[in-house]
file final-v4.cif (mmCIF, C-alpha atoms)
data_run
loop_
_atom_site.label_atom_id
_atom_site.label_comp_id
_atom_site.auth_asym_id
_atom_site.auth_seq_id
_atom_site.Cartn_x
_atom_site.Cartn_y
_atom_site.Cartn_z
CA MET A 1 -19.79 1.12 7.72
CA THR A 2 -20.16 3.94 10.24
CA ARG A 3 -19.77 3.15 13.90
CA LYS A 4 -21.10 5.42 16.61
CA VAL A 5 -18.69 6.33 19.44
CA SER A 6 -18.89 8.78 22.29
CA ALA A 7 -16.65 11.82 22.52
CA LEU A 8 -14.94 10.25 25.53
CA ILE A 9 -14.06 7.10 23.57
CA ALA A 10 -12.91 9.20 20.60
CA ARG A 11 -10.68 11.27 22.88
CA THR A 12 -9.12 8.32 24.70
CA GLN A 13 -8.76 6.06 21.64
CA PHE A 14 -8.18 8.63 18.90
CA GLY A 15 -5.00 6.97 17.55
CA GLN A 16 -6.72 3.61 17.29
CA LEU A 17 -9.74 5.14 15.55
CA MET A 18 -7.43 6.86 13.07
CA ASP A 19 -5.61 3.58 12.36
CA ARG A 20 -8.90 1.76 11.75
CA ALA A 21 -10.18 4.56 9.53
CA ILE A 22 -7.00 4.47 7.43
CA GLU A 23 -6.38 0.72 7.32
CA ARG A 24 -9.95 -0.60 7.14
CA ASN A 25 -11.81 2.40 5.69
CA GLU A 26 -14.03 2.52 8.77
CA ARG A 27 -15.97 5.65 9.67
CA PHE A 28 -16.80 6.82 13.16
CA LEU A 29 -19.66 9.12 14.08
CA VAL A 30 -18.65 10.86 17.29
CA ASP A 31 -21.47 12.08 19.47
CA ARG A 32 -21.38 14.59 22.26
CA ASN A 33 -24.11 14.39 24.87
CA GLY A 34 -26.02 12.02 22.59
CA GLU A 35 -25.95 14.40 19.61
CA PRO A 36 -23.92 13.66 16.45
CA ALA A 37 -20.94 16.03 16.36
CA VAL A 38 -18.24 14.91 13.91
CA ILE A 39 -17.20 12.06 11.66
CA ILE A 40 -13.75 10.49 11.63
CA MET A 41 -12.81 9.02 8.26
CA SER A 42 -9.65 8.61 6.19
CA VAL A 43 -8.67 11.25 3.66
CA SER A 44 -8.84 8.72 0.80
CA ASP A 45 -12.36 7.72 1.88
CA PHE A 46 -13.35 11.40 2.09
CA VAL A 47 -12.00 12.17 -1.38
CA LYS A 48 -13.63 9.08 -2.87
CA THR A 49 -16.96 9.97 -1.24
CA MET A 50 -17.06 13.75 -1.53
CA ALA A 51 -15.00 14.42 -4.64
CA PRO A 52 -14.89 11.34 -6.84
CA PRO A 53 -12.72 11.71 -9.93
CA PRO A 54 -14.53 12.33 -13.22
CA ASP A 55 -14.85 9.46 -15.68
CA TRP A 56 -12.18 10.87 -18.03
CA LEU A 57 -9.65 10.86 -15.19
CA LYS A 58 -10.55 7.28 -14.30
CA ASP A 59 -10.00 6.33 -17.96
CA ILE A 60 -6.57 8.00 -17.97
CA ARG A 61 -5.62 6.26 -14.71
CA ASN A 62 -6.74 2.86 -16.02
CA ASP A 63 -4.83 3.41 -19.28
CA ALA A 64 -1.69 4.33 -17.34
CA LYS A 65 -2.01 1.19 -15.21
CA ARG A 66 -2.41 -0.98 -18.34
CA LYS A 67 0.77 0.54 -19.79
CA GLY A 68 2.67 0.26 -16.51
CA LEU A 69 3.05 4.03 -16.27
CA ASP A 70 1.61 4.12 -12.76
CA LYS A 71 4.92 2.80 -11.46
CA LEU A 72 7.12 5.63 -12.74
CA THR A 73 9.45 7.27 -10.25
CA MET A 74 9.85 11.03 -10.02
CA ALA A 75 13.21 10.67 -11.80
CA ASP A 76 11.48 8.80 -14.66
CA ILE A 77 8.84 11.52 -14.90
CA ASP A 78 11.48 14.27 -14.92
CA THR A 79 13.33 12.43 -17.71
CA GLU A 80 10.12 12.16 -19.76
CA ILE A 81 9.35 15.86 -19.28
CA ALA A 82 12.88 16.86 -20.30
CA ALA A 83 12.67 14.68 -23.44
CA ALA A 84 9.30 16.17 -24.40
CA ARG A 85 10.66 19.69 -23.94
CA ARG A 86 13.73 18.93 -26.07
CA ALA A 87 11.52 17.55 -28.83
CA ARG A 88 9.26 20.61 -28.70
CA HIS A 89 12.23 22.99 -28.90
CA GLN A 90 13.64 21.07 -31.88
CA ARG A 91 10.27 21.29 -33.67
CA GLN A 92 10.12 25.02 -32.99
CA ARG A 93 13.66 25.52 -34.36
CA SER A 94 12.82 23.48 -37.46
CA ALA A 95 9.68 25.54 -38.05
CA ARG A 96 11.67 28.79 -37.92
CA SER A 97 14.30 27.60 -40.40
#
call {"tool": "encode", "arguments": {"input": "final-v4.cif", "output": "structure tokens"}}
result
Amino acid sequence: MTRKVSALIARTQFGQLMDRAIERNERFLVDRNGEPAVIIMSVSDFVKTMAPPPDWLKDIRNDAKRKGLDKLTMADIDTEIAAARRARHQRQRSARS
């Protein structure tokens, strides 16, 4: 839902508007002298609205969640990458021999 606020309110309560945009996904249309000027919205709301992920990416994300892969730490990811690289190098060495 988009709420209309004046520039004065936006200026004096900017932190609160940001918190509400982030925590509750609220949007605020800020007007100046009665004319719409800007919109305050969270980055996640902006991305979801303006650049939604393609269906294939949603499928990959859902598959990762089902497999529990969405909870990997950076250390886990680095370990997986290193293992994949080792396996690739071993395959390349075997192919040359």
call {"tool": "closest_residue", "arguments": {"input": "final-v4.cif", "among": "A:Met1, A:Gly68, A:Ala51, A:Pro36", "to": "Arg24 of chain A", "atoms": "all atoms listed in the file"}}
result
A:Met1
call {"tool": "residues_around", "arguments": {"input": "final-v4.cif", "residues": "Val43 of chain A", "least_positions_apart": "5", "cutoff": "10 Å", "atoms": "all atoms listed in the file", "output": "VMD selection string"}}
result
chain A and resid 21 to 22 25 48 to 49
call {"tool": "closest_residue", "arguments": {"input": "final-v4.cif", "among": "A:Ile60, A:Ile77, A:Val30, A:Val38", "to": "Lys4 of chain A", "atoms": "all atoms listed in the file"}}
result
A:Val30
call {"tool": "atom_distance", "arguments": {"input": "final-v4.cif", "atom1": "atom CA of Val5 of chain A", "atom2": "atom CA of Asp31 of chain A"}}
result
6.4 Å
call {"tool": "closest_residue", "arguments": {"input": "final-v4.cif", "among": "A:Ala64, A:Ile81, A:Ala87, A:Leu8", "to": "Asn33 of chain A", "atoms": "only C-alpha atoms"}}
result
A:Leu8
call {"tool": "atom_distance", "arguments": {"input": "final-v4.cif", "atom1": "atom CA of Ala84 of chain A", "atom2": "atom CA of Asn62 of chain A"}}
result
22.5 Å
call {"tool": "atom_distance", "arguments": {"input": "final-v4.cif", "atom1": "atom CA of Pro53 of chain A", "atom2": "atom CA of Asp76 of chain A"}}
result
24.8 Å
call {"tool": "decode", "arguments": {"input": "final-v4.cif", "residues": "segment 55-78 of chain A", "atoms": "C-alpha atoms", "output": "mmCIF file, in the first residue's frame"}}
result
data_model
loop_
_atom_site.group_PDB
_atom_site.id
_atom_site.type_symbol
_atom_site.label_atom_id
_atom_site.label_comp_id
_atom_site.auth_asym_id
_atom_site.auth_seq_id
_atom_site.Cartn_x
_atom_site.Cartn_y
_atom_site.Cartn_z
ATOM 1 C CA ASP A 55 11.130 -18.260 -13.570
ATOM 2 C CA TRP A 56 14.273 -20.400 -14.007
ATOM 3 C CA LEU A 57 15.954 -18.552 -11.135
ATOM 4 C CA LYS A 58 12.890 -19.030 -8.940
ATOM 5 C CA ASP A 59 13.016 -22.767 -9.737
ATOM 6 C CA ILE A 60 16.703 -22.942 -8.762
ATOM 7 C CA ARG A 61 16.026 -21.039 -5.527
ATOM 8 C CA ASN A 62 13.109 -23.318 -4.619
ATOM 9 C CA ASP A 63 15.196 -26.425 -5.388
ATOM 10 C CA ALA A 64 18.013 -25.119 -3.183
ATOM 11 C CA LYS A 65 15.570 -24.482 -0.334
ATOM 12 C CA ARG A 66 14.146 -28.016 -0.657
ATOM 13 C CA LYS A 67 17.664 -29.454 -0.438
ATOM 14 C CA GLY A 68 18.651 -27.176 2.444
ATOM 15 C CA LEU A 69 21.339 -25.493 0.352
ATOM 16 C CA ASP A 70 20.001 -22.024 1.103
ATOM 17 C CA LYS A 71 21.561 -22.255 4.551
ATOM 18 C CA LEU A 72 25.163 -22.753 3.426
ATOM 19 C CA THR A 73 27.780 -20.483 4.945
ATOM 20 C CA MET A 74 30.480 -18.820 2.870
ATOM 21 C CA ALA A 75 32.957 -21.374 4.262
ATOM 22 C CA ASP A 76 30.683 -24.212 3.072
ATOM 23 C CA ILE A 77 30.435 -22.635 -0.373
ATOM 24 C CA ASP A 78 34.223 -22.174 -0.580
#
